Amino acid sequence: MDIHEYQAKEILGRFGVPTPCGGLAWSPEQVAYQVRQIKEGPFVVKAQVHSGGRGEAGGVKVCKTDEEAHLYAKNLFGMELRTKQTGARGKDVYRVWVEEATDIAKEMYLGFVLDRKSERIMIVASKEGGVEIEQLAEEQPDTLIRMVIDPAVGLVDYQARELAFALGLSGPQIGQMITVLKACHSAYSELDATMVEINPLVITGAGDLLALDAKMSFDKNALYRRPEILALRDSSQEDPREAVASDNGLAYVGLNGDIGCIINGAGLAMATMDMIKLSGGEPANFLDIGGGASPDRVCQAFRTVLSDQNVSVILVNIFAGINRCDWIAEGIVQAYEQLDLKIPVVARLSGTNENEGRNILRMSGLEIKTAETLAEAAELAVAVRTIA
Ligand code: ADP
Ligand code: MG
């Protein structure tokens with residue numbers, strides 16, 4: 001789960017990362033008010049969306065007066081901000097952060113991520129900040145410094161010092177960097193984060209370190225024990241299809257094609273998508289109904305998949321172990337009855353109670369296409385889709 005820049009700054013600030021003074025606004029008028037609170041200009045007005053690359057996309061602006069900030073914010077509110085990271089489907093701006101502008105001497109990059117290879121938290125840093133990490137990795141890979149943290153001892157002083165030296169810092173900046181690193185590490189591990197990124201971490205004209213941007217992501221599986229983090233969720237920033245699914249306890253991944261997939265288990269989802277692609281189609285999404293899915297749950301899965309306007313056929317591919325094909329079949333029939341289905345459905349039911357399941361589909365009199373194998377099901381789905 002992602003949070004906004006201002007929320008990440010508030011959290012990291014609490015752990016000891018220095019950030020500029022600022023305030024949040026929900027309207028252009030509040031932007032002007034926040035600007036007046038800061039008193040001394042210039043000010044930076046920043047769209048709060050769950051994406052980096054806002055600067056390039058016109059979502060960050062230095063303003064000199066409250067009128068200028070007000071005018072700029074009028075444009076910003078309600079706008080769909082498209083950045084390099086959001087792609088064509090942008091993110092709506094409902095919140096704007098206003099902070100004092102900083103005199104920047106140098107921009108650096110600092111990130112904490114989970115390194116799956118070493119199964120540890122890894123720090124990634126660079127003297128060259130401000131640009132996205134992907135771009136850094138591609139254009140200036142030599143500037144990237146990586147450091148793995150041993151979970152038994154945590155981030156130790158000598159490591160933090162080494163990193164500060166490697167970034168070319170000196171004097172009081174070394175101590176400031178150690179504070180920033182330890183704060184980020186504590187926030188990361190104490191709050192079940194999966195990512196902390198400060199880009200840019202700057203050296204100000206006065207020579208001090210300051211975090212001008214902040215990003216944090218959290219482990220969804222740990223949110224049950226982090227109510228204070230869950231409270232920061234902003235579903236307006238999520239793929240609306242995924243938000244509805246997660247509210248119903250379904251695992252949903254939105255994609256760009258037109259074949260809706262209802263499956264059980266991530267492995268089968270991968271195999272199904274491969275098969276669809278092999279047959280010349282593109283999945284619109286996949287929705288994992290999990291194990292032991294009731295007819296109601298299957299019906300809810302249909303509702304979720306259908307909320308995507310691009311879906312022109314639904315492929316149900318179930319390999320039932322804990323699931324029961326008769327329940328799945330009942331769910332499909334229920335979906336037809338309740339949801340006014342106008343697009344074709346292809347079902348491949350295999351495993352527990354498969355004969356009962358197929359019987360239910362046959363007896364329903366509905367025009368449900370059935371397939372024996374995964375390959376057959378994928379080919380059928382590609383063949384019958386109704387392209388609007
Ligand atoms: P994003 O990463 O989404 O583009 P940032 O918060 O990193 O957004 O802002 C983009 C750029 O704007 C920064 O790299 C920095 O150069 C500048 N910037 C951001 N905040 C400030 C600030 N408070 N003072 C001065 N410049 C800023
Ligand atoms: Mg940034």
# chains A, B, ... in the order shown; residues from 1 in each chain; ligands from 1

$ residues_near_ligand --ligand "ligand 2" --cutoff "10 Å" --atoms "only C-alpha atoms and all ligand atoms" --output "list in words"
Glu5, Ser51, Gly52, Gly53, Arg54, Gly55, Glu56, Val60, Tyr109, Gly129, Gly130, Val131, Glu132, Ile133, Glu197, Ile198, Asn199, Pro200, Leu201, Ala211, Leu212, Asp213, Ala214 and Lys215 of chain A

$ select_by_dssp --residues "stretch 9-258 of chain A" --states "alpha helix (DSSP H)" --output "ChimeraX atom specification"
/A:9-15,28-38,66-76,133-139,157-166,172-190,227-230,240-247

$ residues_around --residues "A:Ala73" --least-positions-apart "3" --cutoff "12 Å" --atoms "only C-alpha atoms" --output "PyMOL selection string"
chain A and resi 25-35+44-48+58-63+66-70+76-79+93-98

$ atom_distance --atom1 "atom CA of A:Lys64" --atom2 "atom CA of A:Asp208"
23.3 Å

$ residues_around --residues "A:Gly292" --least-positions-apart "6" --cutoff "10 Å" --atoms "only C-alpha atoms" --output "mmCIF file with N, CA, C and O atoms, in the first residue's frame"
data_model
loop_
_atom_site.group_PDB
_atom_site.id
_atom_site.type_symbol
_atom_site.label_atom_id
_atom_site.label_comp_id
_atom_site.auth_asym_id
_atom_site.auth_seq_id
_atom_site.Cartn_x
_atom_site.Cartn_y
_atom_site.Cartn_z
ATOM 1 N N ASN A 264 -8.300 -19.520 -9.610
ATOM 2 C CA ASN A 264 -7.922 -19.727 -8.204
ATOM 3 C C ASN A 264 -6.428 -19.996 -8.122
ATOM 4 O O ASN A 264 -5.918 -20.891 -8.798
ATOM 5 N N ALA A 320 -9.901 -27.194 -9.065
ATOM 6 C CA ALA A 320 -10.428 -27.247 -7.705
ATOM 7 C C ALA A 320 -9.761 -28.317 -6.856
ATOM 8 O O ALA A 320 -9.758 -29.486 -7.213
ATOM 9 N N GLY A 321 -9.185 -27.866 -5.748
ATOM 10 C CA GLY A 321 -8.682 -28.775 -4.729
ATOM 11 C C GLY A 321 -9.546 -28.548 -3.515
ATOM 12 O O GLY A 321 -10.443 -29.314 -3.191
ATOM 13 N N ILE A 322 -9.324 -27.403 -2.860
ATOM 14 C CA ILE A 322 -10.170 -26.997 -1.736
ATOM 15 C C ILE A 322 -11.486 -26.444 -2.289
ATOM 16 O O ILE A 322 -12.535 -26.577 -1.687
ATOM 17 N N ASN A 323 -11.409 -25.828 -3.458
ATOM 18 C CA ASN A 323 -12.632 -25.320 -4.079
ATOM 19 C C ASN A 323 -13.507 -26.485 -4.527
ATOM 20 O O ASN A 323 -13.045 -27.621 -4.590
ATOM 21 N N ARG A 324 -14.782 -26.171 -4.819
ATOM 22 C CA ARG A 324 -15.689 -27.199 -5.332
ATOM 23 C C ARG A 324 -16.286 -26.688 -6.630
ATOM 24 O O ARG A 324 -16.873 -25.603 -6.666
ATOM 25 N N CYS A 325 -16.144 -27.491 -7.690
ATOM 26 C CA CYS A 325 -16.632 -27.054 -8.998
ATOM 27 C C CYS A 325 -18.146 -26.800 -8.990
ATOM 28 O O CYS A 325 -18.635 -25.942 -9.725
ATOM 29 N N TRP A 327 -19.910 -25.493 -6.547
ATOM 30 C CA TRP A 327 -20.123 -24.144 -5.991
ATOM 31 C C TRP A 327 -19.759 -23.078 -7.031
ATOM 32 O O TRP A 327 -20.441 -22.064 -7.162
ATOM 33 N N ILE A 328 -18.656 -23.336 -7.732
ATOM 34 C CA ILE A 328 -18.233 -22.366 -8.760
ATOM 35 C C ILE A 328 -19.342 -22.257 -9.818
ATOM 36 O O ILE A 328 -19.738 -21.152 -10.212
#

$ select_by_dssp --residues "stretch 113-318 of chain A" --states "strand (DSSP E or B)" --output "ChimeraX atom specification"
/A:113-115,120-126,144-149,193-204,209-211,215-218,251-254,259-263,283-288,313-318

$ write_last_selection --atoms "C-alpha atoms" --output "mmCIF file, in the first residue's frame"
data_model
loop_
_atom_site.group_PDB
_atom_site.id
_atom_site.type_symbol
_atom_site.label_atom_id
_atom_site.label_comp_id
_atom_site.auth_asym_id
_atom_site.auth_seq_id
_atom_site.Cartn_x
_atom_site.Cartn_y
_atom_site.Cartn_z
ATOM 1 C CA VAL A 113 14.046 -1.604 -0.511
ATOM 2 C CA LEU A 114 13.600 -5.273 0.159
ATOM 3 C CA ASP A 115 16.313 -7.211 -1.646
ATOM 4 C CA ARG A 120 17.405 -8.330 3.542
ATOM 5 C CA ILE A 121 16.708 -4.639 3.555
ATOM 6 C CA MET A 122 19.001 -2.936 1.090
ATOM 7 C CA ILE A 123 19.994 0.710 0.963
ATOM 8 C CA VAL A 124 20.458 2.171 -2.483
ATOM 9 C CA ALA A 125 22.018 5.627 -2.688
ATOM 10 C CA SER A 126 23.494 7.919 -5.281
ATOM 11 C CA LEU A 144 24.658 3.653 -7.385
ATOM 12 C CA ILE A 145 25.843 2.505 -3.983
ATOM 13 C CA ARG A 146 24.204 -0.587 -2.519
ATOM 14 C CA MET A 147 24.424 -1.744 1.064
ATOM 15 C CA VAL A 148 22.708 -4.717 2.673
ATOM 16 C CA ILE A 149 21.558 -4.545 6.314
ATOM 17 C CA ALA A 193 7.333 -0.905 5.083
ATOM 18 C CA THR A 194 8.441 -2.413 1.798
ATOM 19 C CA MET A 195 9.974 0.778 0.461
ATOM 20 C CA VAL A 196 11.248 4.124 1.714
ATOM 21 C CA GLU A 197 12.556 6.590 -0.839
ATOM 22 C CA ILE A 198 13.885 10.107 -0.417
ATOM 23 C CA ASN A 199 14.454 11.581 -3.836
ATOM 24 C CA PRO A 200 15.845 14.102 -3.671
ATOM 25 C CA LEU A 201 17.671 14.174 -0.384
ATOM 26 C CA VAL A 202 19.382 17.544 -0.754
ATOM 27 C CA ILE A 203 22.284 19.460 0.631
ATOM 28 C CA THR A 204 20.979 22.983 1.213
ATOM 29 C CA LEU A 209 20.724 17.636 4.670
ATOM 30 C CA LEU A 210 16.984 17.933 3.972
ATOM 31 C CA ALA A 211 14.419 15.499 2.528
ATOM 32 C CA LYS A 215 7.732 7.979 -0.607
ATOM 33 C CA MET A 216 6.736 4.962 1.445
ATOM 34 C CA SER A 217 5.025 1.682 0.633
ATOM 35 C CA PHE A 218 3.793 -0.857 3.150
ATOM 36 C CA ALA A 251 -7.098 -10.435 -5.002
ATOM 37 C CA TYR A 252 -7.368 -8.525 -8.261
ATOM 38 C CA VAL A 253 -4.753 -7.321 -10.706
ATOM 39 C CA GLY A 254 -5.798 -4.923 -13.466
ATOM 40 C CA ILE A 259 -10.266 -10.979 -21.470
ATOM 41 C CA GLY A 260 -11.453 -11.050 -17.858
ATOM 42 C CA CYS A 261 -10.015 -13.979 -15.897
ATOM 43 C CA ILE A 262 -11.499 -15.578 -12.796
ATOM 44 C CA ILE A 263 -9.132 -18.185 -11.448
ATOM 45 C CA PRO A 283 -5.938 -10.436 -20.398
ATOM 46 C CA ALA A 284 -7.913 -7.480 -18.977
ATOM 47 C CA ASN A 285 -7.190 -8.596 -15.432
ATOM 48 C CA PHE A 286 -7.055 -11.600 -13.231
ATOM 49 C CA LEU A 287 -9.091 -12.148 -10.165
ATOM 50 C CA ASP A 288 -8.074 -14.808 -7.690
ATOM 51 C CA VAL A 313 -15.354 -12.145 -22.471
ATOM 52 C CA ILE A 314 -14.915 -13.815 -19.083
ATOM 53 C CA LEU A 315 -12.756 -16.877 -18.744
ATOM 54 C CA VAL A 316 -13.338 -18.920 -15.580
ATOM 55 C CA ASN A 317 -10.479 -21.303 -15.050
ATOM 56 C CA ILE A 318 -10.655 -23.327 -11.855
#

$ residues_around --residues "A:Ile229" --least-positions-apart "3" --cutoff "12 Å" --atoms "only C-alpha atoms" --output "PyMOL selection string"
chain A and resi 1-4+7-8+10-11+187+190-193+216-220+222-226+232-234

$ residues_around --residues "A:Gly16" --least-positions-apart "3" --cutoff "12 Å" --atoms "only C-alpha atoms" --output "PyMOL selection string"
chain A and resi 9-13+19+176-187+209-211

$ closest_residue --among "A:Thr370, A:Asp103, A:Arg36, A:Asp92" --to "ligand 1" --atoms "only C-alpha atoms and all ligand atoms"
A:Asp103

$ closest_residue --among "A:Val244, A:Asn256, A:Leu268, A:Leu361" --to "A:Arg303" --atoms "only C-alpha atoms"
A:Val244

$ closest_residue --among "A:Phe43, A:Tyr336, A:Phe319, A:Phe15" --to "ligand 1" --atoms "only C-alpha atoms and all ligand atoms"
A:Phe43

$ closest_residue --among "A:Ala137, A:Ala57, A:Cys299, A:Leu341" --to "ligand 1" --atoms "only C-alpha atoms and all ligand atoms"
A:Ala57

$ closest_residue --among "A:Arg89, A:Arg348, A:Arg82, A:Arg385" --to "A:Pro240" --atoms "only C-alpha atoms"
A:Arg89

$ closest_residue --among "A:Ile104, A:Ala383, A:Ala206, A:Leu374" --to "ligand 1" --atoms "only C-alpha atoms and all ligand atoms"
A:Ile104

$ atom_distance --atom1 "atom CA of A:Ser364" --atom2 "atom CA of A:Asp326"
12.4 Å

$ atom_distance --atom1 "atom CA of A:Met275" --atom2 "atom CA of A:Asp247"
29.0 Å

$ residues_around --residues "A:Leu278" --least-positions-apart "4" --cutoff "10 Å" --atoms "only C-alpha atoms" --output "tab-separated table (two decimals) with all heavy atoms, in the first residue's frame"
chain	number	residue	atom	x	y	z
A	272	THR	N	-2.65	-19.19	-16.94
A	272	THR	CA	-3.80	-18.78	-17.76
A	272	THR	C	-3.42	-17.60	-18.65
A	272	THR	O	-3.75	-17.56	-19.83
A	272	THR	CB	-4.98	-18.39	-16.83
A	272	THR	OG1	-5.24	-19.48	-15.95
A	272	THR	CG2	-6.22	-18.08	-17.63
A	273	MET	N	-2.70	-16.63	-18.07
A	273	MET	CA	-2.31	-15.47	-18.86
A	273	MET	C	-1.36	-15.86	-19.98
A	273	MET	O	-1.46	-15.37	-21.09
A	273	MET	CB	-1.71	-14.41	-17.95
A	273	MET	CG	-2.81	-13.75	-17.14
A	273	MET	SD	-2.29	-12.28	-16.36
A	273	MET	CE	-1.09	-12.95	-15.27
A	274	ASP	N	-0.44	-16.78	-19.68
A	274	ASP	CA	0.47	-17.26	-20.73
A	274	ASP	C	-0.32	-17.90	-21.87
A	274	ASP	O	-0.05	-17.64	-23.05
A	274	ASP	CB	1.44	-18.29	-20.14
A	274	ASP	CG	2.55	-17.63	-19.34
A	274	ASP	OD1	2.67	-16.39	-19.42
A	274	ASP	OD2	3.29	-18.34	-18.62
A	282	GLU	N	-5.28	-10.88	-25.05
A	282	GLU	CA	-4.66	-10.08	-23.98
A	282	GLU	C	-5.58	-10.08	-22.77
A	282	GLU	O	-6.76	-9.73	-22.89
A	282	GLU	CB	-4.48	-8.63	-24.43
A	282	GLU	CG	-3.31	-8.38	-25.38
A	282	GLU	CD	-1.95	-8.54	-24.71
A	282	GLU	OE1	-1.86	-8.34	-23.47
A	282	GLU	OE2	-0.98	-8.90	-25.41
A	375	ALA	N	-5.59	-24.98	-22.36
A	375	ALA	CA	-5.28	-24.48	-23.71
A	375	ALA	C	-6.56	-24.26	-24.50
A	375	ALA	O	-6.74	-23.22	-25.14
A	375	ALA	CB	-4.37	-25.47	-24.42
A	378	ALA	N	-8.45	-21.17	-23.24
A	378	ALA	CA	-7.86	-19.90	-23.68
A	378	ALA	C	-8.18	-19.65	-25.15
A	378	ALA	O	-8.55	-18.52	-25.54
A	378	ALA	CB	-6.34	-19.93	-23.46
A	379	GLU	N	-8.07	-20.69	-25.98
A	379	GLU	CA	-8.37	-20.52	-27.41
A	379	GLU	C	-9.82	-20.12	-27.62
A	379	GLU	O	-10.12	-19.24	-28.42
A	379	GLU	CB	-8.07	-21.82	-28.16
A	379	GLU	CG	-6.59	-21.97	-28.49
A	379	GLU	CD	-6.24	-23.37	-28.95
A	379	GLU	OE1	-7.15	-24.12	-29.37
A	379	GLU	OE2	-5.04	-23.72	-28.88

$ decode --residues "stretch 346-361 of chain A" --atoms "all heavy atoms" --output "PDB file, in the first residue's frame"
ATOM      1  N   VAL A 346     -16.602 -18.355 -20.771  1.00  0.00           N
ATOM      2  CA  VAL A 346     -15.964 -19.639 -21.045  1.00  0.00           C
ATOM      3  C   VAL A 346     -15.553 -20.228 -19.699  1.00  0.00           C
ATOM      4  O   VAL A 346     -14.917 -19.544 -18.899  1.00  0.00           O
ATOM      5  CB  VAL A 346     -14.711 -19.466 -21.932  1.00  0.00           C
ATOM      6  CG1 VAL A 346     -14.000 -20.801 -22.131  1.00  0.00           C
ATOM      7  CG2 VAL A 346     -15.079 -18.849 -23.271  1.00  0.00           C
ATOM      8  N   ALA A 347     -15.946 -21.471 -19.447  1.00  0.00           N
ATOM      9  CA  ALA A 347     -15.607 -22.070 -18.157  1.00  0.00           C
ATOM     10  C   ALA A 347     -14.841 -23.367 -18.342  1.00  0.00           C
ATOM     11  O   ALA A 347     -15.214 -24.213 -19.148  1.00  0.00           O
ATOM     12  CB  ALA A 347     -16.875 -22.324 -17.346  1.00  0.00           C
ATOM     13  N   ARG A 348     -13.774 -23.467 -17.602  1.00  0.00           N
ATOM     14  CA  ARG A 348     -13.047 -24.729 -17.540  1.00  0.00           C
ATOM     15  C   ARG A 348     -12.978 -25.106 -16.067  1.00  0.00           C
ATOM     16  O   ARG A 348     -12.302 -24.441 -15.277  1.00  0.00           O
ATOM     17  CB  ARG A 348     -11.644 -24.550 -18.118  1.00  0.00           C
ATOM     18  CG  ARG A 348     -10.809 -25.810 -18.098  1.00  0.00           C
ATOM     19  CD  ARG A 348      -9.666 -25.666 -17.143  1.00  0.00           C
ATOM     20  NE  ARG A 348      -8.858 -26.884 -17.086  1.00  0.00           N
ATOM     21  CZ  ARG A 348      -7.721 -26.972 -16.409  1.00  0.00           C
ATOM     22  NH1 ARG A 348      -7.251 -25.918 -15.774  1.00  0.00           N
ATOM     23  NH2 ARG A 348      -7.069 -28.093 -16.369  1.00  0.00           N
ATOM     24  N   LEU A 349     -13.747 -26.130 -15.707  1.00  0.00           N
ATOM     25  CA  LEU A 349     -13.787 -26.553 -14.319  1.00  0.00           C
ATOM     26  C   LEU A 349     -13.149 -27.932 -14.218  1.00  0.00           C
ATOM     27  O   LEU A 349     -13.576 -28.858 -14.885  1.00  0.00           O
ATOM     28  CB  LEU A 349     -15.229 -26.619 -13.814  1.00  0.00           C
ATOM     29  CG  LEU A 349     -16.063 -25.342 -13.970  1.00  0.00           C
ATOM     30  CD1 LEU A 349     -17.470 -25.559 -13.429  1.00  0.00           C
ATOM     31  CD2 LEU A 349     -15.399 -24.177 -13.246  1.00  0.00           C
ATOM     32  N   SER A 350     -12.171 -28.034 -13.363  1.00  0.00           N
ATOM     33  CA  SER A 350     -11.466 -29.301 -13.240  1.00  0.00           C
ATOM     34  C   SER A 350     -11.199 -29.566 -11.766  1.00  0.00           C
ATOM     35  O   SER A 350     -10.979 -28.638 -10.995  1.00  0.00           O
ATOM     36  CB  SER A 350     -10.158 -29.173 -14.035  1.00  0.00           C
ATOM     37  OG  SER A 350      -9.449 -30.368 -13.974  1.00  0.00           O
ATOM     38  N   GLY A 351     -11.228 -30.834 -11.353  1.00  0.00           N
ATOM     39  CA  GLY A 351     -10.930 -31.181  -9.961  1.00  0.00           C
ATOM     40  C   GLY A 351     -12.181 -31.535  -9.171  1.00  0.00           C
ATOM     41  O   GLY A 351     -13.159 -32.032  -9.753  1.00  0.00           O
ATOM     42  N   THR A 352     -12.163 -31.224  -7.877  1.00  0.00           N
ATOM     43  CA  THR A 352     -13.240 -31.621  -6.959  1.00  0.00           C
ATOM     44  C   THR A 352     -14.644 -31.329  -7.509  1.00  0.00           C
ATOM     45  O   THR A 352     -14.938 -30.182  -7.868  1.00  0.00           O
ATOM     46  CB  THR A 352     -13.063 -30.871  -5.608  1.00  0.00           C
ATOM     47  OG1 THR A 352     -11.727 -31.067  -5.170  1.00  0.00           O
ATOM     48  CG2 THR A 352     -14.026 -31.392  -4.556  1.00  0.00           C
ATOM     49  N   ASN A 353     -15.470 -32.338  -7.556  1.00  0.00           N
ATOM     50  CA  ASN A 353     -16.870 -32.233  -8.005  1.00  0.00           C
ATOM     51  C   ASN A 353     -17.007 -31.654  -9.425  1.00  0.00           C
ATOM     52  O   ASN A 353     -17.953 -30.910  -9.698  1.00  0.00           O
ATOM     53  CB  ASN A 353     -17.693 -31.379  -7.034  1.00  0.00           C
ATOM     54  CG  ASN A 353     -17.836 -32.046  -5.681  1.00  0.00           C
ATOM     55  OD1 ASN A 353     -17.400 -33.191  -5.497  1.00  0.00           O
ATOM     56  ND2 ASN A 353     -18.435 -31.361  -4.728  1.00  0.00           N
ATOM     57  N   GLU A 354     -16.076 -31.999 -10.308  1.00  0.00           N
ATOM     58  CA  GLU A 354     -16.146 -31.387 -11.632  1.00  0.00           C
ATOM     59  C   GLU A 354     -17.383 -31.842 -12.413  1.00  0.00           C
ATOM     60  O   GLU A 354     -17.985 -31.046 -13.135  1.00  0.00           O
ATOM     61  CB  GLU A 354     -14.853 -31.642 -12.437  1.00  0.00           C
ATOM     62  CG  GLU A 354     -14.536 -33.093 -12.722  1.00  0.00           C
ATOM     63  CD  GLU A 354     -13.240 -33.260 -13.509  1.00  0.00           C
ATOM     64  OE1 GLU A 354     -12.238 -32.612 -13.142  1.00  0.00           O
ATOM     65  OE2 GLU A 354     -13.243 -34.018 -14.479  1.00  0.00           O
ATOM     66  N   ASN A 355     -17.774 -33.113 -12.252  1.00  0.00           N
ATOM     67  CA  ASN A 355     -18.949 -33.580 -12.980  1.00  0.00           C
ATOM     68  C   ASN A 355     -20.207 -32.862 -12.516  1.00  0.00           C
ATOM     69  O   ASN A 355     -21.035 -32.448 -13.333  1.00  0.00           O
ATOM     70  CB  ASN A 355     -19.099 -35.093 -12.832  1.00  0.00           C
ATOM     71  CG  ASN A 355     -18.009 -35.808 -13.631  1.00  0.00           C
ATOM     72  OD1 ASN A 355     -17.514 -35.277 -14.636  1.00  0.00           O
ATOM     73  ND2 ASN A 355     -17.613 -36.978 -13.163  1.00  0.00           N
ATOM     74  N   GLU A 356     -20.319 -32.687 -11.187  1.00  0.00           N
ATOM     75  CA  GLU A 356     -21.474 -31.963 -10.644  1.00  0.00           C
ATOM     76  C   GLU A 356     -21.494 -30.535 -11.190  1.00  0.00           C
ATOM     77  O   GLU A 356     -22.542 -30.018 -11.580  1.00  0.00           O
ATOM     78  CB  GLU A 356     -21.417 -31.907  -9.104  1.00  0.00           C
ATOM     79  CG  GLU A 356     -21.689 -33.224  -8.407  1.00  0.00           C
ATOM     80  CD  GLU A 356     -20.443 -34.109  -8.250  1.00  0.00           C
ATOM     81  OE1 GLU A 356     -19.476 -33.915  -9.014  1.00  0.00           O
ATOM     82  OE2 GLU A 356     -20.442 -34.985  -7.372  1.00  0.00           O
ATOM     83  N   GLY A 357     -20.314 -29.927 -11.231  1.00  0.00           N
ATOM     84  CA  GLY A 357     -20.190 -28.550 -11.714  1.00  0.00           C
ATOM     85  C   GLY A 357     -20.625 -28.444 -13.171  1.00  0.00           C
ATOM     86  O   GLY A 357     -21.419 -27.563 -13.540  1.00  0.00           O
ATOM     87  N   ARG A 358     -20.122 -29.336 -13.990  1.00  0.00           N
ATOM     88  CA  ARG A 358     -20.472 -29.293 -15.421  1.00  0.00           C
ATOM     89  C   ARG A 358     -21.959 -29.528 -15.622  1.00  0.00           C
ATOM     90  O   ARG A 358     -22.581 -28.913 -16.491  1.00  0.00           O
ATOM     91  CB  ARG A 358     -19.655 -30.341 -16.178  1.00  0.00           C
ATOM     92  CG  ARG A 358     -18.204 -29.904 -16.321  1.00  0.00           C
ATOM     93  CD  ARG A 358     -17.381 -30.962 -16.993  1.00  0.00           C
ATOM     94  NE  ARG A 358     -15.959 -30.634 -16.849  1.00  0.00           N
ATOM     95  CZ  ARG A 358     -14.988 -31.481 -17.107  1.00  0.00           C
ATOM     96  NH1 ARG A 358     -15.257 -32.711 -17.513  1.00  0.00           N
ATOM     97  NH2 ARG A 358     -13.734 -31.103 -16.970  1.00  0.00           N
ATOM     98  N   ASN A 359     -22.522 -30.423 -14.799  1.00  0.00           N
ATOM     99  CA  ASN A 359     -23.959 -30.692 -14.876  1.00  0.00           C
ATOM    100  C   ASN A 359     -24.774 -29.451 -14.595  1.00  0.00           C
ATOM    101  O   ASN A 359     -25.746 -29.157 -15.290  1.00  0.00           O
ATOM    102  CB  ASN A 359     -24.343 -31.772 -13.854  1.00  0.00           C
ATOM    103  CG  ASN A 359     -24.401 -33.123 -14.527  1.00  0.00           C
ATOM    104  OD1 ASN A 359     -24.567 -33.195 -15.750  1.00  0.00           O
ATOM    105  ND2 ASN A 359     -24.244 -34.179 -13.756  1.00  0.00           N
ATOM    106  N   ILE A 360     -24.371 -28.726 -13.563  1.00  0.00           N
ATOM    107  CA  ILE A 360     -25.103 -27.507 -13.209  1.00  0.00           C
ATOM    108  C   ILE A 360     -25.086 -26.525 -14.384  1.00  0.00           C
ATOM    109  O   ILE A 360     -26.111 -25.934 -14.734  1.00  0.00           O
ATOM    110  CB  ILE A 360     -24.493 -26.861 -11.934  1.00  0.00           C
ATOM    111  CG1 ILE A 360     -24.776 -27.754 -10.731  1.00  0.00           C
ATOM    112  CG2 ILE A 360     -25.028 -25.450 -11.712  1.00  0.00           C
ATOM    113  CD1 ILE A 360     -24.033 -27.367  -9.461  1.00  0.00           C
ATOM    114  N   LEU A 361     -23.945 -26.392 -15.014  1.00  0.00           N
ATOM    115  CA  LEU A 361     -23.842 -25.466 -16.149  1.00  0.00           C
ATOM    116  C   LEU A 361     -24.734 -25.949 -17.304  1.00  0.00           C
ATOM    117  O   LEU A 361     -25.448 -25.168 -17.922  1.00  0.00           O
ATOM    118  CB  LEU A 361     -22.390 -25.346 -16.622  1.00  0.00           C
ATOM    119  CG  LEU A 361     -21.406 -24.695 -15.644  1.00  0.00           C
ATOM    120  CD1 LEU A 361     -20.042 -24.503 -16.305  1.00  0.00           C
ATOM    121  CD2 LEU A 361     -21.919 -23.341 -15.143  1.00  0.00           C
TER     122      LEU A 361
END
